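**Q** Supplied in structure tokens, the structure appears directly below.
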2 protein chains.
Amino acid sequence: MSEYYTISEVAARTGISAYTLRYYDKEGLLSFVQRDEAGKRMFRREDFEPLYTISVLKRSGMPIKKIREFMNLYLQGNDTIHERYVMFAEQRESLLSQIRELEAMLKIVDYKCWYFQEAEKRGDINYYQKLPKEEVDPRITEFNQIVDDFREGIMESK
Amino acid sequence: MSEYYTISEVAARTGISAYTLRYYDKEGLLSFVQRDEAGKRMFRREDFEPLYTISVLKRSGMPIKKIREFMNLYLQGNDTIHERYVMFAEQRESLLSQIRELEAMLKIVDYKCWYFQEAEKRGDINYYQKLPKEEVDPRITEFNQIVDDFREGIMESK
DNA sequence: GTAGGTGTTAGAGTATACTCGAAGTCAAGG
DNA sequence: CCTTGACTTCGAGTATACTCTAACACCTAC
């Protein structure tokens, strides 16, 4: 069993390309990686944990610069536990708001899927305009209200 | 009450800057917008619906090029209802997988928040390594297993 | 000893989505 | 009449995150 992993081994295992790993290093994300006499990166077993953390932060939408800040705190060890906790707590809030945003978009896209199916049945994208008011599905009225608010500059929280 | 809206009125109401609206137009997203004799864009009341749709698709993570495709179908009216339905259905799947991904990240960030609080109490980021095996919280064991899988190249679905 | 395969670096190129500057048009108000 | 302000276009600049090329350094196998 080899003590160290080369960049291409790490790339193959993590799904992060060697190019990207070198880019992350250049950007100061991989300062914890050791080098051999020739200057080659030698990834240790324990290096996969910070690597995984980088991957999680990136997939959470954190920009590289902020991940670098985090990694700088990581390098300083026990003195920065609190600061790192704060960063995770903030990222948690960011994730929650991203999820809320996507769920709001999902609701509208769900409506659009339904509406387009109804329109397809009738062969007319504006079929509801030809119906008497009381036969118009409330979902349509509700959506039109959202669009009216959009036109009037009434933003849905956000 | 004015019949038409200028670009800056639309910008103020929708929160999309005039620069961005012109960029969208250049990219073929706003072909439905009329112009006056002087070449100025005249947004009609009804134009806010496609504008809202563009906003929703963008906030759903759809790239501009694909939104353009959608808008080209929109311009063709009733003949493209089915194709547009398909695009919404695909976007719905995309949203669901984005939400699943962020929820998976949230779980890990939640764990990190908890772990860093525990570590802060003890003033040691690796406190659990000094505990007897049976006193280590199962959440820690579980997380370490995820990192082990990451190192072994065992991807969590995705 | 030399070809192949790995690694290194610096720096250029790509893609996406804006964001802005410059120069010009046009209509209304002082 | 002329300035002001809102609009126009074209094209350049910015930011982010890669993605790749070029030139070179090693080590191993034939």
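Residue names in the structure tokens use chain letters A, B, ... in the order shown, residue numbers from 1 in each chain, and ligand numbers from 1 in the order shown.
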Set the distance at 8 Å and use only C-alpha atoms (C1' of nucleotides): which residues neighbour range 5-21 of chain C once local chain neighbours fewer than 6 positions away are removed? I'd like the list as a PDB file with C-alpha atoms (C1' of nucleotides), in the first residue's frame.
**A**
```
ATOM      1  CA  GLY A  39       8.253  19.363  -6.416  1.00  0.00           C
ATOM      2  CA  LYS A  40       5.529  16.816  -7.091  1.00  0.00           C
TER       3      LYS A  40
ATOM      4  CA  TYR B  19     -28.011  46.888 -19.292  1.00  0.00           C
ATOM      5  CA  THR B  20     -29.105  43.332 -18.708  1.00  0.00           C
ATOM      6  CA  TYR B  23     -28.017  42.208 -23.283  1.00  0.00           C
TER       7      TYR B  23
ATOM      8  C1'  DG D  13     -13.932  45.250 -19.993  1.00  0.00           C
ATOM      9  C1'  DT D  14     -14.851  42.373 -15.738  1.00  0.00           C
ATOM     10  C1'  DT D  19      -9.308  24.126 -19.347  1.00  0.00           C
ATOM     11  C1'  DC D  20      -5.603  23.562 -21.953  1.00  0.00           C
ATOM     12  C1'  DT D  21      -0.873  24.318 -24.254  1.00  0.00           C
ATOM     13  C1'  DA D  25      11.995  17.661 -15.594  1.00  0.00           C
ATOM     14  C1'  DC D  26      12.078  13.162 -13.978  1.00  0.00           C
TER      15       DC D  26
END
```
**Q** Any chance you could dump chain A, least-squares fitted to chain B on all C-alpha atoms in order, as a compact mmCIF listing (two decimals) with N, CA and C atoms, in the first residue's frame?
**A**
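Result file follows (out.txt):
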```txt
# COMPACT_ATOMS: atom_id res chain seq x y z
N MET A 1 -53.03 56.83 -18.14
CA MET A 1 -52.22 55.59 -18.12
C MET A 1 -51.51 55.38 -19.44
N SER A 2 -50.19 55.26 -19.39
CA SER A 2 -49.39 55.10 -20.60
C SER A 2 -49.56 53.71 -21.19
N GLU A 3 -49.62 53.67 -22.49
CA GLU A 3 -49.79 52.41 -23.22
C GLU A 3 -48.54 51.51 -23.11
N TYR A 4 -47.38 52.16 -23.11
CA TYR A 4 -46.11 51.43 -23.17
C TYR A 4 -45.19 51.74 -22.00
N TYR A 5 -44.24 50.84 -21.79
CA TYR A 5 -43.22 51.01 -20.75
C TYR A 5 -41.85 51.18 -21.42
N THR A 6 -41.05 52.11 -20.91
CA THR A 6 -39.69 52.26 -21.43
C THR A 6 -38.79 51.22 -20.75
N ILE A 7 -37.58 51.09 -21.26
CA ILE A 7 -36.65 50.10 -20.71
C ILE A 7 -36.34 50.39 -19.24
N SER A 8 -36.26 51.66 -18.87
CA SER A 8 -35.91 51.98 -17.47
C SER A 8 -37.10 51.73 -16.54
N GLU A 9 -38.32 51.90 -17.07
CA GLU A 9 -39.51 51.54 -16.26
C GLU A 9 -39.53 50.04 -16.01
N VAL A 10 -39.26 49.29 -17.07
CA VAL A 10 -39.24 47.83 -16.93
C VAL A 10 -38.13 47.42 -15.96
N ALA A 11 -36.98 48.06 -16.08
CA ALA A 11 -35.85 47.76 -15.19
C ALA A 11 -36.24 48.00 -13.74
N ALA A 12 -36.85 49.14 -13.48
CA ALA A 12 -37.24 49.51 -12.12
C ALA A 12 -38.27 48.52 -11.55
N ARG A 13 -39.21 48.08 -12.39
CA ARG A 13 -40.28 47.21 -11.91
C ARG A 13 -39.83 45.78 -11.72
N THR A 14 -38.97 45.31 -12.63
CA THR A 14 -38.62 43.88 -12.59
C THR A 14 -37.34 43.62 -11.79
N GLY A 15 -36.55 44.67 -11.55
CA GLY A 15 -35.28 44.46 -10.86
C GLY A 15 -34.19 43.95 -11.80
N ILE A 16 -34.51 43.84 -13.10
CA ILE A 16 -33.51 43.47 -14.10
C ILE A 16 -32.97 44.78 -14.67
N SER A 17 -31.66 45.00 -14.61
CA SER A 17 -31.10 46.29 -15.04
C SER A 17 -31.31 46.51 -16.53
N ALA A 18 -31.33 47.79 -16.94
CA ALA A 18 -31.50 48.13 -18.35
C ALA A 18 -30.37 47.53 -19.17
N TYR A 19 -29.15 47.52 -18.61
CA TYR A 19 -28.01 46.88 -19.28
C TYR A 19 -28.32 45.42 -19.58
N THR A 20 -28.83 44.75 -18.58
CA THR A 20 -29.11 43.32 -18.71
C THR A 20 -30.23 43.09 -19.71
N LEU A 21 -31.25 43.93 -19.67
CA LEU A 21 -32.35 43.80 -20.63
C LEU A 21 -31.83 43.96 -22.06
N ARG A 22 -30.95 44.94 -22.27
CA ARG A 22 -30.38 45.14 -23.62
C ARG A 22 -29.53 43.93 -24.00
N TYR A 23 -28.79 43.40 -23.03
CA TYR A 23 -27.98 42.19 -23.28
C TYR A 23 -28.89 41.02 -23.66
N TYR A 24 -29.99 40.85 -22.96
CA TYR A 24 -30.93 39.77 -23.27
C TYR A 24 -31.49 39.96 -24.68
N ASP A 25 -31.77 41.20 -25.03
CA ASP A 25 -32.28 41.49 -26.37
C ASP A 25 -31.25 41.10 -27.42
N LYS A 26 -29.99 41.53 -27.18
CA LYS A 26 -28.89 41.21 -28.09
C LYS A 26 -28.75 39.70 -28.25
N GLU A 27 -29.02 38.97 -27.18
CA GLU A 27 -28.90 37.51 -27.19
C GLU A 27 -30.16 36.82 -27.74
N GLY A 28 -31.11 37.63 -28.19
CA GLY A 28 -32.28 37.05 -28.85
C GLY A 28 -33.40 36.62 -27.91
N LEU A 29 -33.39 37.12 -26.67
CA LEU A 29 -34.43 36.74 -25.72
C LEU A 29 -35.65 37.64 -25.80
N LEU A 30 -35.47 38.84 -26.35
CA LEU A 30 -36.56 39.82 -26.29
C LEU A 30 -37.08 40.22 -27.67
N SER A 31 -37.10 39.25 -28.58
CA SER A 31 -37.54 39.55 -29.95
C SER A 31 -38.99 40.00 -29.99
N PHE A 32 -39.74 39.72 -28.94
CA PHE A 32 -41.16 40.09 -28.92
C PHE A 32 -41.38 41.57 -28.62
N VAL A 33 -40.33 42.28 -28.24
CA VAL A 33 -40.48 43.69 -27.86
C VAL A 33 -40.56 44.57 -29.11
N GLN A 34 -41.59 45.44 -29.15
CA GLN A 34 -41.79 46.34 -30.27
C GLN A 34 -40.84 47.53 -30.16
N ARG A 35 -40.63 48.21 -31.30
CA ARG A 35 -39.82 49.44 -31.32
C ARG A 35 -40.66 50.58 -31.87
N ASP A 36 -40.36 51.82 -31.43
CA ASP A 36 -41.05 52.97 -32.04
C ASP A 36 -40.24 53.43 -33.26
N GLU A 37 -40.67 54.53 -33.90
CA GLU A 37 -40.01 55.00 -35.13
C GLU A 37 -38.53 55.30 -34.86
N ALA A 38 -38.25 55.75 -33.63
CA ALA A 38 -36.87 56.13 -33.29
C ALA A 38 -36.01 54.91 -32.94
N GLY A 39 -36.64 53.74 -32.88
CA GLY A 39 -35.88 52.53 -32.54
C GLY A 39 -35.90 52.21 -31.06
N LYS A 40 -36.64 52.99 -30.28
CA LYS A 40 -36.72 52.72 -28.85
C LYS A 40 -37.62 51.53 -28.56
N ARG A 41 -37.22 50.74 -27.55
CA ARG A 41 -38.03 49.59 -27.17
C ARG A 41 -39.29 50.06 -26.46
N MET A 42 -40.43 49.50 -26.87
CA MET A 42 -41.71 49.83 -26.24
C MET A 42 -42.27 48.53 -25.66
N PHE A 43 -42.19 48.37 -24.35
CA PHE A 43 -42.71 47.16 -23.71
C PHE A 43 -44.20 47.33 -23.47
N ARG A 44 -44.97 46.32 -23.90
CA ARG A 44 -46.41 46.35 -23.69
C ARG A 44 -46.74 45.64 -22.38
N ARG A 45 -47.95 45.85 -21.92
CA ARG A 45 -48.48 45.17 -20.73
C ARG A 45 -48.27 43.66 -20.82
N GLU A 46 -48.60 43.09 -21.97
CA GLU A 46 -48.51 41.64 -22.11
C GLU A 46 -47.08 41.12 -22.17
N ASP A 47 -46.12 42.03 -22.41
CA ASP A 47 -44.73 41.58 -22.51
C ASP A 47 -44.16 41.16 -21.16
N PHE A 48 -44.85 41.53 -20.09
CA PHE A 48 -44.33 41.17 -18.77
C PHE A 48 -44.44 39.67 -18.51
N GLU A 49 -45.38 39.02 -19.18
CA GLU A 49 -45.47 37.58 -18.94
C GLU A 49 -44.26 36.83 -19.48
N PRO A 50 -43.90 36.99 -20.75
CA PRO A 50 -42.65 36.35 -21.21
C PRO A 50 -41.42 36.81 -20.42
N LEU A 51 -41.42 38.08 -20.01
CA LEU A 51 -40.32 38.61 -19.20
C LEU A 51 -40.23 37.86 -17.87
N TYR A 52 -41.39 37.60 -17.30
CA TYR A 52 -41.43 36.85 -16.04
C TYR A 52 -40.95 35.41 -16.26
N THR A 53 -41.37 34.85 -17.39
CA THR A 53 -40.93 33.49 -17.72
C THR A 53 -39.41 33.43 -17.87
N ILE A 54 -38.84 34.41 -18.54
CA ILE A 54 -37.38 34.49 -18.68
C ILE A 54 -36.73 34.53 -17.29
N SER A 55 -37.30 35.37 -16.43
CA SER A 55 -36.76 35.51 -15.07
C SER A 55 -36.82 34.17 -14.31
N VAL A 56 -37.93 33.47 -14.45
CA VAL A 56 -38.09 32.18 -13.76
C VAL A 56 -37.10 31.16 -14.31
N LEU A 57 -36.98 31.09 -15.64
CA LEU A 57 -36.06 30.12 -16.23
C LEU A 57 -34.62 30.42 -15.81
N LYS A 58 -34.27 31.71 -15.79
CA LYS A 58 -32.91 32.09 -15.40
C LYS A 58 -32.65 31.72 -13.94
N ARG A 59 -33.60 32.06 -13.06
CA ARG A 59 -33.44 31.74 -11.64
C ARG A 59 -33.47 30.23 -11.40
N SER A 60 -33.98 29.48 -12.38
CA SER A 60 -33.97 28.02 -12.29
C SER A 60 -32.64 27.44 -12.76
N GLY A 61 -31.74 28.32 -13.21
CA GLY A 61 -30.42 27.86 -13.63
C GLY A 61 -30.32 27.55 -15.11
N MET A 62 -31.33 27.97 -15.91
CA MET A 62 -31.24 27.70 -17.34
C MET A 62 -30.31 28.72 -18.00
N PRO A 63 -29.35 28.24 -18.82
CA PRO A 63 -28.45 29.19 -19.50
C PRO A 63 -29.19 30.00 -20.55
N ILE A 64 -28.64 31.19 -20.85
CA ILE A 64 -29.26 32.13 -21.78
C ILE A 64 -29.57 31.49 -23.14
N LYS A 65 -28.65 30.69 -23.65
CA LYS A 65 -28.85 30.05 -24.97
C LYS A 65 -30.10 29.19 -25.00
N LYS A 66 -30.35 28.49 -23.91
CA LYS A 66 -31.52 27.62 -23.87
C LYS A 66 -32.79 28.44 -23.69
N ILE A 67 -32.68 29.55 -22.95
CA ILE A 67 -33.83 30.43 -22.82
C ILE A 67 -34.18 31.03 -24.18
N ARG A 68 -33.13 31.31 -24.97
CA ARG A 68 -33.38 31.81 -26.33
C ARG A 68 -34.18 30.80 -27.15
N GLU A 69 -33.76 29.52 -27.06
CA GLU A 69 -34.51 28.46 -27.75
C GLU A 69 -35.98 28.51 -27.36
N PHE A 70 -36.22 28.63 -26.05
CA PHE A 70 -37.59 28.68 -25.57
C PHE A 70 -38.33 29.87 -26.16
N MET A 71 -37.69 31.03 -26.16
CA MET A 71 -38.34 32.23 -26.66
C MET A 71 -38.62 32.13 -28.16
N ASN A 72 -37.73 31.42 -28.89
CA ASN A 72 -37.99 31.21 -30.32
C ASN A 72 -39.25 30.38 -30.52
N LEU A 73 -39.45 29.39 -29.64
CA LEU A 73 -40.67 28.59 -29.71
C LEU A 73 -41.89 29.45 -29.36
N TYR A 74 -41.72 30.29 -28.35
CA TYR A 74 -42.80 31.19 -27.91
C TYR A 74 -43.29 32.06 -29.06
N LEU A 75 -42.34 32.56 -29.86
CA LEU A 75 -42.69 33.45 -30.98
C LEU A 75 -43.52 32.72 -32.03
N GLN A 76 -43.38 31.39 -32.07
CA GLN A 76 -44.10 30.62 -33.10
C GLN A 76 -45.52 30.23 -32.67
N GLY A 77 -45.89 30.61 -31.45
CA GLY A 77 -47.28 30.43 -31.01
C GLY A 77 -47.73 29.00 -30.82
N ASN A 78 -49.00 28.74 -31.18
CA ASN A 78 -49.66 27.47 -30.87
C ASN A 78 -48.99 26.22 -31.44
N ASP A 79 -48.18 26.39 -32.49
CA ASP A 79 -47.54 25.22 -33.09
C ASP A 79 -46.48 24.60 -32.18
N THR A 80 -46.01 25.33 -31.19
CA THR A 80 -44.88 24.85 -30.39
C THR A 80 -45.26 24.58 -28.94
N ILE A 81 -46.55 24.43 -28.67
CA ILE A 81 -46.99 24.18 -27.29
C ILE A 81 -46.33 22.93 -26.73
N HIS A 82 -46.30 21.89 -27.52
CA HIS A 82 -45.74 20.64 -27.02
C HIS A 82 -44.25 20.77 -26.70
N GLU A 83 -43.50 21.37 -27.63
CA GLU A 83 -42.06 21.55 -27.39
C GLU A 83 -41.80 22.37 -26.13
N ARG A 84 -42.61 23.38 -25.93
CA ARG A 84 -42.41 24.20 -24.74
C ARG A 84 -42.78 23.42 -23.48
N TYR A 85 -43.80 22.60 -23.58
CA TYR A 85 -44.14 21.73 -22.44
C TYR A 85 -42.94 20.85 -22.09
N VAL A 86 -42.33 20.27 -23.12
CA VAL A 86 -41.18 19.38 -22.89
C VAL A 86 -40.05 20.14 -22.20
N MET A 87 -39.80 21.38 -22.63
CA MET A 87 -38.74 22.17 -21.99
C MET A 87 -39.04 22.41 -20.51
N PHE A 88 -40.30 22.72 -20.20
CA PHE A 88 -40.66 22.92 -18.79
C PHE A 88 -40.51 21.63 -18.00
N ALA A 89 -40.92 20.51 -18.62
CA ALA A 89 -40.83 19.23 -17.92
C ALA A 89 -39.36 18.89 -17.63
N GLU A 90 -38.48 19.19 -18.58
CA GLU A 90 -37.05 18.95 -18.36
C GLU A 90 -36.50 19.87 -17.27
N GLN A 91 -36.95 21.12 -17.32
CA GLN A 91 -36.48 22.08 -16.32
C GLN A 91 -36.96 21.68 -14.93
N ARG A 92 -38.13 21.08 -14.89
CA ARG A 92 -38.66 20.57 -13.62
C ARG A 92 -37.71 19.52 -13.04
N GLU A 93 -37.28 18.59 -13.90
CA GLU A 93 -36.34 17.55 -13.47
C GLU A 93 -35.02 18.17 -13.00
N SER A 94 -34.55 19.15 -13.77
CA SER A 94 -33.31 19.83 -13.41
C SER A 94 -33.43 20.48 -12.03
N LEU A 95 -34.57 21.14 -11.79
CA LEU A 95 -34.80 21.79 -10.49
C LEU A 95 -34.80 20.77 -9.37
N LEU A 96 -35.49 19.64 -9.61
CA LEU A 96 -35.54 18.60 -8.58
C LEU A 96 -34.15 18.10 -8.25
N SER A 97 -33.31 17.94 -9.27
CA SER A 97 -31.98 17.40 -8.97
C SER A 97 -31.10 18.46 -8.32
N GLN A 98 -31.29 19.72 -8.69
CA GLN A 98 -30.55 20.79 -8.00
C GLN A 98 -30.94 20.85 -6.52
N ILE A 99 -32.23 20.70 -6.26
CA ILE A 99 -32.71 20.76 -4.87
C ILE A 99 -32.15 19.57 -4.08
N ARG A 100 -32.19 18.38 -4.70
CA ARG A 100 -31.63 17.19 -4.03
C ARG A 100 -30.16 17.40 -3.70
N GLU A 101 -29.41 17.94 -4.67
CA GLU A 101 -27.98 18.20 -4.45
C GLU A 101 -27.77 19.15 -3.27
N LEU A 102 -28.51 20.27 -3.27
CA LEU A 102 -28.33 21.25 -2.19
C LEU A 102 -28.76 20.67 -0.85
N GLU A 103 -29.78 19.82 -0.85
CA GLU A 103 -30.22 19.20 0.41
C GLU A 103 -29.16 18.23 0.95
N ALA A 104 -28.49 17.54 0.02
CA ALA A 104 -27.39 16.66 0.43
C ALA A 104 -26.26 17.49 1.04
N MET A 105 -25.96 18.65 0.41
CA MET A 105 -24.92 19.53 0.94
C MET A 105 -25.33 20.08 2.30
N LEU A 106 -26.62 20.39 2.42
CA LEU A 106 -27.14 20.92 3.69
C LEU A 106 -26.92 19.93 4.84
N LYS A 107 -27.16 18.66 4.56
CA LYS A 107 -26.96 17.63 5.59
C LYS A 107 -25.52 17.65 6.11
N ILE A 108 -24.58 17.77 5.17
CA ILE A 108 -23.17 17.74 5.56
C ILE A 108 -22.79 19.01 6.31
N VAL A 109 -23.30 20.14 5.83
CA VAL A 109 -23.00 21.42 6.49
C VAL A 109 -23.64 21.44 7.88
N ASP A 110 -24.82 20.87 8.00
CA ASP A 110 -25.46 20.73 9.32
C ASP A 110 -24.55 19.95 10.27
N TYR A 111 -24.04 18.84 9.75
CA TYR A 111 -23.12 18.02 10.55
C TYR A 111 -21.91 18.84 10.96
N LYS A 112 -21.34 19.58 10.01
CA LYS A 112 -20.14 20.38 10.28
C LYS A 112 -20.43 21.43 11.36
N CYS A 113 -21.61 22.04 11.31
CA CYS A 113 -21.99 23.03 12.34
C CYS A 113 -21.99 22.36 13.72
N TRP A 114 -22.60 21.20 13.78
CA TRP A 114 -22.65 20.46 15.04
C TRP A 114 -21.25 20.10 15.50
N TYR A 115 -20.46 19.55 14.57
CA TYR A 115 -19.13 19.06 14.92
C TYR A 115 -18.23 20.20 15.42
N PHE A 116 -18.29 21.33 14.73
CA PHE A 116 -17.44 22.46 15.13
C PHE A 116 -17.86 23.02 16.49
N GLN A 117 -19.14 22.93 16.81
CA GLN A 117 -19.58 23.35 18.15
C GLN A 117 -19.01 22.43 19.22
N GLU A 118 -19.04 21.12 18.93
CA GLU A 118 -18.47 20.14 19.87
C GLU A 118 -16.97 20.37 20.02
N ALA A 119 -16.29 20.59 18.89
CA ALA A 119 -14.84 20.81 18.89
C ALA A 119 -14.49 22.09 19.66
N GLU A 120 -15.35 23.11 19.48
CA GLU A 120 -15.09 24.39 20.15
C GLU A 120 -15.17 24.24 21.68
N LYS A 121 -16.17 23.48 22.13
CA LYS A 121 -16.32 23.22 23.57
C LYS A 121 -15.05 22.63 24.15
N ARG A 122 -14.42 21.73 23.38
CA ARG A 122 -13.24 21.00 23.86
C ARG A 122 -11.93 21.65 23.44
N GLY A 123 -12.02 22.67 22.61
CA GLY A 123 -10.81 23.37 22.17
C GLY A 123 -9.89 22.52 21.33
N ASP A 124 -10.46 21.48 20.69
CA ASP A 124 -9.61 20.58 19.89
C ASP A 124 -10.41 20.05 18.71
N ILE A 125 -9.92 20.34 17.51
CA ILE A 125 -10.64 19.95 16.29
C ILE A 125 -10.66 18.43 16.09
N ASN A 126 -9.73 17.74 16.74
CA ASN A 126 -9.69 16.28 16.60
C ASN A 126 -10.00 15.55 17.90
N TYR A 127 -10.81 16.19 18.73
CA TYR A 127 -11.08 15.66 20.08
C TYR A 127 -11.51 14.19 20.08
N TYR A 128 -12.27 13.78 19.09
CA TYR A 128 -12.87 12.44 19.11
C TYR A 128 -11.80 11.34 18.99
N GLN A 129 -10.63 11.71 18.43
CA GLN A 129 -9.57 10.71 18.27
C GLN A 129 -8.98 10.27 19.60
N LYS A 130 -9.21 11.11 20.63
CA LYS A 130 -8.69 10.78 21.96
C LYS A 130 -9.72 10.06 22.82
N LEU A 131 -10.93 9.86 22.26
CA LEU A 131 -11.98 9.17 23.01
C LEU A 131 -11.90 7.67 22.75
N PRO A 132 -12.35 6.85 23.71
CA PRO A 132 -12.48 5.42 23.39
C PRO A 132 -13.56 5.24 22.33
N LYS A 133 -13.33 4.26 21.49
CA LYS A 133 -14.19 4.04 20.31
C LYS A 133 -15.68 4.12 20.62
N GLU A 134 -16.09 3.52 21.75
CA GLU A 134 -17.53 3.45 22.05
C GLU A 134 -18.11 4.78 22.51
N GLU A 135 -17.25 5.75 22.79
CA GLU A 135 -17.77 7.07 23.19
C GLU A 135 -17.85 8.05 22.03
N VAL A 136 -17.35 7.62 20.86
CA VAL A 136 -17.39 8.49 19.67
C VAL A 136 -18.82 8.53 19.13
N ASP A 137 -19.35 9.73 18.94
CA ASP A 137 -20.72 9.90 18.43
C ASP A 137 -20.85 9.24 17.05
N PRO A 138 -21.94 8.49 16.84
CA PRO A 138 -22.10 7.81 15.54
C PRO A 138 -22.09 8.76 14.34
N ARG A 139 -22.47 10.01 14.55
CA ARG A 139 -22.44 10.98 13.43
C ARG A 139 -21.02 11.15 12.91
N ILE A 140 -20.06 11.11 13.84
CA ILE A 140 -18.65 11.27 13.46
C ILE A 140 -18.19 10.07 12.64
N THR A 141 -18.55 8.87 13.13
CA THR A 141 -18.20 7.64 12.42
C THR A 141 -18.79 7.64 11.02
N GLU A 142 -20.04 8.07 10.95
CA GLU A 142 -20.75 8.11 9.66
C GLU A 142 -20.07 9.07 8.69
N PHE A 143 -19.71 10.26 9.20
CA PHE A 143 -19.05 11.26 8.34
C PHE A 143 -17.69 10.73 7.87
N ASN A 144 -16.95 10.11 8.78
CA ASN A 144 -15.64 9.58 8.40
C ASN A 144 -15.78 8.51 7.32
N GLN A 145 -16.88 7.78 7.36
CA GLN A 145 -17.13 6.77 6.33
C GLN A 145 -17.34 7.43 4.97
N ILE A 146 -18.06 8.55 4.98
CA ILE A 146 -18.30 9.30 3.72
C ILE A 146 -16.96 9.76 3.15
N VAL A 147 -16.10 10.28 4.01
CA VAL A 147 -14.79 10.75 3.55
C VAL A 147 -13.96 9.58 3.03
N ASP A 148 -14.05 8.42 3.71
CA ASP A 148 -13.34 7.22 3.25
C ASP A 148 -13.82 6.82 1.86
N ASP A 149 -15.13 6.86 1.65
CA ASP A 149 -15.69 6.53 0.34
C ASP A 149 -15.19 7.50 -0.72
N PHE A 150 -15.12 8.77 -0.33
CA PHE A 150 -14.62 9.82 -1.24
C PHE A 150 -13.18 9.48 -1.65
N ARG A 151 -12.37 9.07 -0.69
CA ARG A 151 -10.98 8.74 -0.98
C ARG A 151 -10.87 7.50 -1.86
N GLU A 152 -11.82 6.58 -1.67
CA GLU A 152 -11.78 5.35 -2.46
C GLU A 152 -12.50 5.51 -3.81
N GLY A 153 -12.97 6.69 -4.06
CA GLY A 153 -13.60 6.95 -5.35
C GLY A 153 -15.01 6.41 -5.45
N ILE A 154 -15.65 6.19 -4.28
CA ILE A 154 -17.05 5.72 -4.27
C ILE A 154 -17.95 6.94 -4.20
N MET A 155 -18.52 7.30 -5.37
CA MET A 155 -19.34 8.52 -5.44
C MET A 155 -20.75 8.25 -4.93
N GLU A 156 -21.27 9.24 -4.21
CA GLU A 156 -22.64 9.14 -3.67
C GLU A 156 -23.62 9.43 -4.80
N SER A 157 -24.01 8.39 -5.54
CA SER A 157 -24.93 8.52 -6.68
C SER A 157 -24.49 9.68 -7.59
N LYS A 158 -25.16 10.77 -7.53
CA LYS A 158 -24.97 11.98 -8.37
C LYS A 158 -24.88 11.63 -9.85
```
**Q** Among range 13-155 of chain B, which residues does DSSP mark as alpha helix (DSSP H) when it is run on the backbone? Keep the chain and numbering as in the structure and answer as an MDAnalysis selection string.
**A** chainID B and resid 13:14 18:26 48:59 64:75 81:122 138:151
**Q** With chain B as the partner and 10 Å as the cut-off, tabulate the residues of chain D that qualify, each row holding the nearest pair of atoms and their distance in Å to one decimal, using only C-alpha atoms (C1' of nucleotides), sorted by chain and rising number, as a tab-separated table.
**A**
```
residue	atom	partner	partner_atom	distance
D:DA6	C1'	B:Ser8	CA	8.6
D:DC7	C1'	B:Lys40	CA	6.4
D:DT8	C1'	B:Lys40	CA	7.0
```
**Q** Write a file of the just-selected residues containing C-alpha atoms (C1' of nucleotides), as a CSV table (one decimal), in the first residue's frame.
**A**
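Below is the file that was written, again_14.csv:
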```csv
chain,number,residue,atom,x,y,z
D,6,DA,C1',-33.4,59.0,-21.9
D,7,DC,C1',-32.7,56.2,-25.3
D,8,DT,C1',-29.8,53.8,-29.2
```
**Q** Between C1' of DA23 in chain C and C1' of DC2 in chain D, what is the distance, to one decimal in Å?
**A** 18.9 Å
**Q** Could you go through range 7-155 of chain B and tell me which residues DSSP, when run on the backbone, assigns to strand (DSSP E), listing them as an MDAnalysis selection string?
**A** chainID B and resid 34:35 41:42
**Q** Write a file of the selected residues as a compact mmCIF listing (two decimals), in the first residue's frame, keeping N, CA and C atoms.
**A**
```txt
# COMPACT_ATOMS: atom_id res chain seq x y z
N GLN B 34 -41.62 45.43 -29.14
CA GLN B 34 -41.83 46.34 -30.27
C GLN B 34 -40.88 47.53 -30.16
N ARG B 35 -40.67 48.20 -31.29
CA ARG B 35 -39.87 49.43 -31.29
C ARG B 35 -40.70 50.57 -31.86
N ARG B 41 -37.23 50.74 -27.54
CA ARG B 41 -38.03 49.58 -27.15
C ARG B 41 -39.31 50.05 -26.43
N MET B 42 -40.44 49.51 -26.86
CA MET B 42 -41.72 49.82 -26.23
C MET B 42 -42.29 48.52 -25.67
```
